[in-house]
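A.B. asks: Please read through the structure below; I'll follow up with questions.
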Amino acid sequence: MRIAIVDESPARAAVIEEGLREAGMRDVTVFVDRKGIAARLEAMSPDVVLINLANPHRDELEELFALSRAMARPVAMFVDQSDSSAMEAAIDAGVSAYVVDGLKKERIKPVLELAIRRFRAFSRLRAELDEARTALAERDVVDQAKRLLMKRRGIDEPAAYSALRKAAMDSGRRIADVADALVTADRLMGDL
Amino acid sequence: MSDTPFRLGFLPLVDAALPILAREFGFAEAEGIDLTLVRDMSWATVNDRLLYGHSDAAHLLAPLAIATTLGLGRPAMPLSVPFVLGLNGNAVTVRADLAARITTVGGLGDVAAIGLRLAEAARTARDAGKPLRFGVVHRYSSHNYMLRYWLIGSGIDPDHDVEIVTVAPPFVADALAEGEVDGICVGEPWNSVAVDRGAGVIVAVTSQIWLRGVEKVLAMRTERMVEYKTTHGLLRALYRAGQAFVDPARGEEIARVLARPEYLDGSADLIRHAISDRIVFARGSDAVHVPDFMFQHREAANFPWISQAAWLYAQMCLARHVTPDDAAYQTAQRVFRPDVYRAALRPLGVPLPGASSKLEGGIIDGLGVGTTQGRLILGADRFFDARSFDPEALDAYLAGFGDG
C-alpha cells in the first residue's frame with residue numbers, strides 16, 4: 001500500500017510518517033513543498049493520501065485527483081453515512097484522507113486510525129509547548145513587575161511579590177494579569 | 001435564557017462580510033444566537049465541516065453547494081441555500097505584459113473589446129504551443145464559470161485554446177509572479193494584493209461580465225436547515241448585517257473589523273477599497289469607482305432566485321461538469337430556497353419578491369417587480385454578450401452555444 005502524506009508542517013508529517021513505518025508500512029512518501037507536487041504525486045500514484053485539514057492546497061489537490069489520467073483517482077474517504085463517526089473523528093483530529101477505489105476498507109481503517117492518533121498527539125504536544133511558552137512569558141512579566149515595585153517603593157522581593165498577590169486577590173484577577181497591567185501602566189506613564 | 005450556539009464556516013474573503021458583521025455588530029446575539037465563525041483555508045475543508053456536522057452553516061461558493069447536492073466528485077449530500085451572501089466582487093487579473101496587449105492599463109475598459117484582444121493573444125499562445133493558463137479558485141466556482149462565460153463569448157474555447165487550473169486564493173499573487181499562470185479570476189482582496197505587489201494588472205471585474213452574478217451563498221445541510229429553529233433568526237441577522245454593510249458611514253469600521261487577524265488577517269486599506277467599489281487596476285494608478293463591483297444587499301440581492309441556481313447548472317452543462325438531465329436540473333434548482341428566505345424575513349417587513357424565478361439578464365433599465373410585501377425595483381442585470389437566460393428553456397439556451 002503506497003501512502004502519501006501531504007502536510008505543510010514537516011514536523012507533523014515526520015510524526016505521522018514515523019507512526020506508519022513503526023506499524024510496518026514501508027511505502028510512505030512525505031510532500032511538504034507545494035512546488036511540483038502534482039507531477040510527483042502522479043509519479044508515485046498513491047493508494048492513500050493523507051492531508052491536514054488546514055492545508056490551503058486541498059482544493060487544488062482534489063481537482064488533481066478528480067482529473068488525473070496518470071494515476072488511479074483517490075476519492076474522499078468514509079463518505080458513506082455508515083462511517084460518518086470515523087470521518088468526524090478524522091475532522092476532529094484535523095486530517096482528511098483520500099483513497100483509491102477498490103482498496104479494501106479493513107486495510108485502510110488502521111492507516112486512518114493511526115493518522116488520527118498521531119495528529120492528536122501532535123496537537124497535544126503543540127498545546128503543551130504553547131502552555132510552556134505562556135508560562136515562561138508570564139514569569140517574565142511578574143519578574144518585571146516585582147523589580148518595578150522594588151525600585152519605586154524601596155521594598156524587597158518577597159514584599160513586592162506579596163503586594164502583587166494581594167492586588168490580584170482583591171481584584172479577582174491572576175497575578176500575571178496584575179503584573180502585566182502594572183508593567184504596561186509604567187511604560188505609558190514614563191518617568192513621572 | 002442562554003443563546004443557541006451556531007457554528008458557521010468561512011474562508012477569509014471580503015465577501016464573508018455579512019456573517020462576520022452579523023456576529024460583530026450584535027445582530028446574531030439580538031436573535032438569541034451565539035454565532036461562532038470557523039475559519040478555514042480551503043473550500044474542501046469548509047464543505048467537510050458542514051457535511052460532517054462540525055459546522056451548522058457555511059459561507060460557500062454557490063456552484064459548490066449545487067455540485068455537492070448532485071454528488072459531483074463525492075457521494076451526494078443535499079444542501080440548501082436560503083440566503084445569498086452577495087453578488088460579484090471578483091476580478092480577472094493578468095500578467096502586466098499581457099495586460100498591456102489587451103487593455104489600457106490602470107483603467108476600466110470595455111470588457112467585450114478586451115475579450116476579443118485576449119482571444120487573439122490566446123490563439124497566438126496556443127499556436128506557439130504554450131497556451132495561456134488561468135487560475136481559478138475552485139472547479140465548481142462562479143469564478144470558473146464567469147471566466148469561461150467571458151472566454152466563450154469572446155470566441156475562446158476554454159477547454160482547447162487555454163488551460164484553466166485551480167489555485168488557492170492566498171497563492172494567486174505568487175502564481176502570477178512566478179509565471180505559473182498568466183491570469184487569475186479570484187475574489188477580493190486577492191486581486192488587489194496581486195496588484196499591490198506588482199504581480200499583475202486587473203483587466204476586468206466580473207460585474208462587467210454579468211452585472212448581477214450570484215457569488216457566495218449561505219449553505220446548510222437540508223435536514224439541519226429544516227430542524228433548526230435558529231435558521232430564521234440567522235437569516236434576519238444576516239439581512240441586518242447587509243443593511244449595515246451598505247451604510248457608507250460604517251465603511252471604515254467594517255474594513256477594520258474584516259481585517260482583524262481572526263477574520264481576513266489582511267490590509268484594512270485594500271478591504272476598504274473593495275467594499276466601497278473603488279478598485280486600483282494597476283500598481284501606482286488611481287482608484288477607479290466601479291459601480292456595483294460588490295453587490296451585497298440592495299435590490300433584494302440576498303434573495304435566492306431559483307433562476308440563479310438554474311443558470312449555474314446551465315454553465316455546469318457547458319463546462320461538461322454535468323450531462324444535461326431533467327431530474328438533476330430540478331434537483332439543482334431546488335437547492336435555492338426562496339420559501340425559507342420569505343418565511344424568515346417576513347417579520348422584518350422588508351420587500352419580498354413574489355416570484356421565485358426570473359429571466360436572468362433580462363432587465364435593461366430598472367424594473368419594478370411584484371412582491372408579497374414592500375416595494376422592490378431591480379436594476380439592470382445584463383450579461384456582457386446581451387444574452388439572457390430563461391430557466392424554462394435550458395435546451396434552447398445550451399443550443400445557442402452550439403451545445404445541447
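Residue numbers start at 1 in each chain; chains themselves are named A, B, ... in the order of the C-alpha cells; ligands are numbered from 1 in the order shown.
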Residues of chain A no more than 9 Å from chain B, counting only C-alpha atoms: send them over as a VMD selection string.
C.D. replies: chain A and resid 53 to 64 66 75 to 76 79 to 80 84 to 85 87 to 88 91 to 92 96
A.B. asks: Find the spatial neighbours of stretch 143-159 of chain A, counting only C-alpha atoms, within a cut-off of 8 Å - ignore same-chain residues fewer than 6 positions away - and output them as a list in words.
C.D. replies: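 Returned residues: Ala179, Asp180, Leu182 and Val183 of chain A.
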A.B. asks: Have a look at atom CA of B:Gly284 and atom CA of B:Ala194 and let me know their distance in Å, one decimal.
C.D. replies: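 Going from atom CA of B:Gly284 over to atom CA of B:Ala194 covers 12.7 Å.
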A.B. asks: Find the residues around B:Trp150 up to 8 Å (only C-alpha atoms counted), leave out those fewer than 3 positions away in its own chain, and share them as a PyMOL selection string.
C.D. replies: chain B and resi 115+146-147+153-154+209+384
A.B. asks: For B:Leu79, list every protein, DNA or RNA residue within 6 Å, evaluated using only C-alpha atoms, and leave out those in the same chain fewer than 4 positions away; present the list as a ChimeraX atom specification.
C.D. replies: /B:69,220-222
A.B. asks: Find the residues around A:Ser123 up to 12 Å (only C-alpha atoms counted), leave out those fewer than 4 positions away in its own chain, and share them as a list in words.
C.D. replies: Ser9, Ala11, Arg12, Val15, Asn52, Asp92, Ala93, Gly94, Val95, Ile116, Arg117, Arg118, Phe119, Ala127, Glu128, Leu129 and Asp130 of chain A
A.B. asks: Store the residues of this selection in a file with N, CA and C atoms, as an mmCIF file, in the first residue's frame.
C.D. replies:
```
data_model
loop_
_atom_site.group_PDB
_atom_site.id
_atom_site.type_symbol
_atom_site.label_atom_id
_atom_site.label_comp_id
_atom_site.auth_asym_id
_atom_site.auth_seq_id
_atom_site.Cartn_x
_atom_site.Cartn_y
_atom_site.Cartn_z
ATOM 1 N N SER A 9 3.509 21.205 7.460
ATOM 2 C CA SER A 9 4.343 21.162 8.653
ATOM 3 C C SER A 9 5.248 19.929 8.592
ATOM 4 N N ALA A 11 7.353 18.881 10.687
ATOM 5 C CA ALA A 11 7.429 18.196 11.981
ATOM 6 C C ALA A 11 6.264 17.214 12.126
ATOM 7 N N ARG A 12 5.065 17.686 11.806
ATOM 8 C CA ARG A 12 3.907 16.812 11.943
ATOM 9 C C ARG A 12 3.977 15.657 10.942
ATOM 10 N N VAL A 15 6.124 13.013 12.270
ATOM 11 C CA VAL A 15 5.489 12.253 13.358
ATOM 12 C C VAL A 15 4.551 11.184 12.777
ATOM 13 N N ASN A 52 -3.480 17.285 5.870
ATOM 14 C CA ASN A 52 -4.012 18.006 7.027
ATOM 15 C C ASN A 52 -5.142 18.919 6.569
ATOM 16 N N ASP A 92 -12.116 16.017 13.607
ATOM 17 C CA ASP A 92 -11.737 16.488 14.938
ATOM 18 C C ASP A 92 -10.229 16.562 15.079
ATOM 19 N N ALA A 93 -9.568 15.516 14.588
ATOM 20 C CA ALA A 93 -8.116 15.450 14.725
ATOM 21 C C ALA A 93 -7.418 16.375 13.732
ATOM 22 N N GLY A 94 -8.119 16.744 12.651
ATOM 23 C CA GLY A 94 -7.533 17.675 11.686
ATOM 24 C C GLY A 94 -6.924 17.009 10.475
ATOM 25 N N VAL A 95 -7.392 15.815 10.148
ATOM 26 C CA VAL A 95 -6.816 15.116 8.997
ATOM 27 C C VAL A 95 -7.916 14.727 8.022
ATOM 28 N N ILE A 116 -5.025 9.511 12.762
ATOM 29 C CA ILE A 116 -5.818 10.307 13.710
ATOM 30 C C ILE A 116 -5.096 10.381 15.059
ATOM 31 N N ARG A 117 -4.612 9.213 15.522
ATOM 32 C CA ARG A 117 -3.907 9.208 16.818
ATOM 33 C C ARG A 117 -2.686 10.105 16.775
ATOM 34 N N ARG A 118 -1.938 10.008 15.686
ATOM 35 C CA ARG A 118 -0.708 10.810 15.577
ATOM 36 C C ARG A 118 -1.007 12.311 15.463
ATOM 37 N N PHE A 119 -2.045 12.648 14.722
ATOM 38 C CA PHE A 119 -2.447 14.055 14.618
ATOM 39 C C PHE A 119 -2.803 14.607 15.996
ATOM 40 N N ALA A 127 0.150 22.012 22.023
ATOM 41 C CA ALA A 127 -0.576 22.730 23.065
ATOM 42 C C ALA A 127 0.293 22.842 24.311
ATOM 43 N N GLU A 128 0.999 21.731 24.640
ATOM 44 C CA GLU A 128 1.870 21.756 25.819
ATOM 45 C C GLU A 128 3.003 22.753 25.625
ATOM 46 N N LEU A 129 3.513 22.788 24.413
ATOM 47 C CA LEU A 129 4.599 23.714 24.110
ATOM 48 C C LEU A 129 4.110 25.156 24.268
ATOM 49 N N ASP A 130 2.922 25.431 23.729
ATOM 50 C CA ASP A 130 2.341 26.773 23.848
ATOM 51 C C ASP A 130 2.166 27.151 25.308
#
```
A.B. asks: Hey, what does DSSP flag as strand (DSSP E or B) within stretch 259-323 of chain B? Can you give it to me as a list in words?
C.D. replies: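 Here is the list: Arg278, Ile279, Val288, His289, Met294 and Phe295 of chain B.
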A.B. asks: Take the residues from that selection and put them in a file with C-alpha atoms, as a PDB file, in the first residue's frame.
C.D. replies:
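So part31.pdb came out as:
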```pdb
ATOM      1  CA  ARG B 278     -13.095  51.603  -5.607  1.00  0.00           C
ATOM      2  CA  ILE B 279     -10.602  49.461  -7.463  1.00  0.00           C
ATOM      3  CA  VAL B 288     -11.443  53.807 -10.155  1.00  0.00           C
ATOM      4  CA  HIS B 289     -15.034  53.779  -8.994  1.00  0.00           C
ATOM      5  CA  MET B 294     -19.614  44.085  -4.941  1.00  0.00           C
ATOM      6  CA  PHE B 295     -23.360  43.917  -4.570  1.00  0.00           C
TER       7      PHE B 295
END
```
A.B. asks: Contacts of B:Asp269 at 10 Å or less, counting only C-alpha atoms, minus same-chain residues fewer than 6 places along, as a list of chain:residue names?
C.D. replies: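 Near B:Asp269, the qualifying residues are B:Pro189, B:Glu252, B:Ala255, B:Arg256, B:Ala259.
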A.B. asks: Include N, CA and C atoms and write out the residues we just selected as a PDB file, in the first residue's frame.
C.D. replies:
```
ATOM      1  N   PRO B 189      -9.689  40.092  -1.079  1.00  0.00           N
ATOM      2  CA  PRO B 189      -8.737  41.114  -1.512  1.00  0.00           C
ATOM      3  C   PRO B 189      -7.626  40.614  -2.426  1.00  0.00           C
ATOM      4  N   GLU B 252     -15.359  52.481   7.093  1.00  0.00           N
ATOM      5  CA  GLU B 252     -14.060  52.389   7.775  1.00  0.00           C
ATOM      6  C   GLU B 252     -14.092  51.307   8.844  1.00  0.00           C
ATOM      7  N   ALA B 255     -14.234  47.792   7.395  1.00  0.00           N
ATOM      8  CA  ALA B 255     -12.932  47.362   6.871  1.00  0.00           C
ATOM      9  C   ALA B 255     -12.012  46.945   8.013  1.00  0.00           C
ATOM     10  N   ARG B 256     -12.060  47.701   9.115  1.00  0.00           N
ATOM     11  CA  ARG B 256     -11.194  47.371  10.263  1.00  0.00           C
ATOM     12  C   ARG B 256     -11.590  46.032  10.870  1.00  0.00           C
ATOM     13  N   ALA B 259     -10.551  43.135   8.625  1.00  0.00           N
ATOM     14  CA  ALA B 259      -9.094  42.982   8.518  1.00  0.00           C
ATOM     15  C   ALA B 259      -8.488  42.268   9.721  1.00  0.00           C
TER      16      ALA B 259
END
```
A.B. asks: What's around A:Ala115 at 12 Å? Count only C-alpha atoms, leave out sequence neighbours fewer than 2 positions away in its own chain, and write the answer as a ChimeraX atom specification.
C.D. replies: /A:3-5,12-21,23,48-52,86,89-97,108-113,117-122
A.B. asks: According to DSSP computed on the backbone, where in stretch 141-376 of chain B is there alpha helix (DSSP H)? Give the residues as a PyMOL selection string.
C.D. replies: chain B and resi 142-153+172-177+190-196+206-209+222-227+230-245+251-259+268-275+306-318+326-334+338-345
A.B. asks: For atom CA of B:Asp161 and atom CA of B:Ala386, determine how far apart the two atoms are, in Å to one decimal place.
C.D. replies: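 Interatomic distance here is 23.4 Å.
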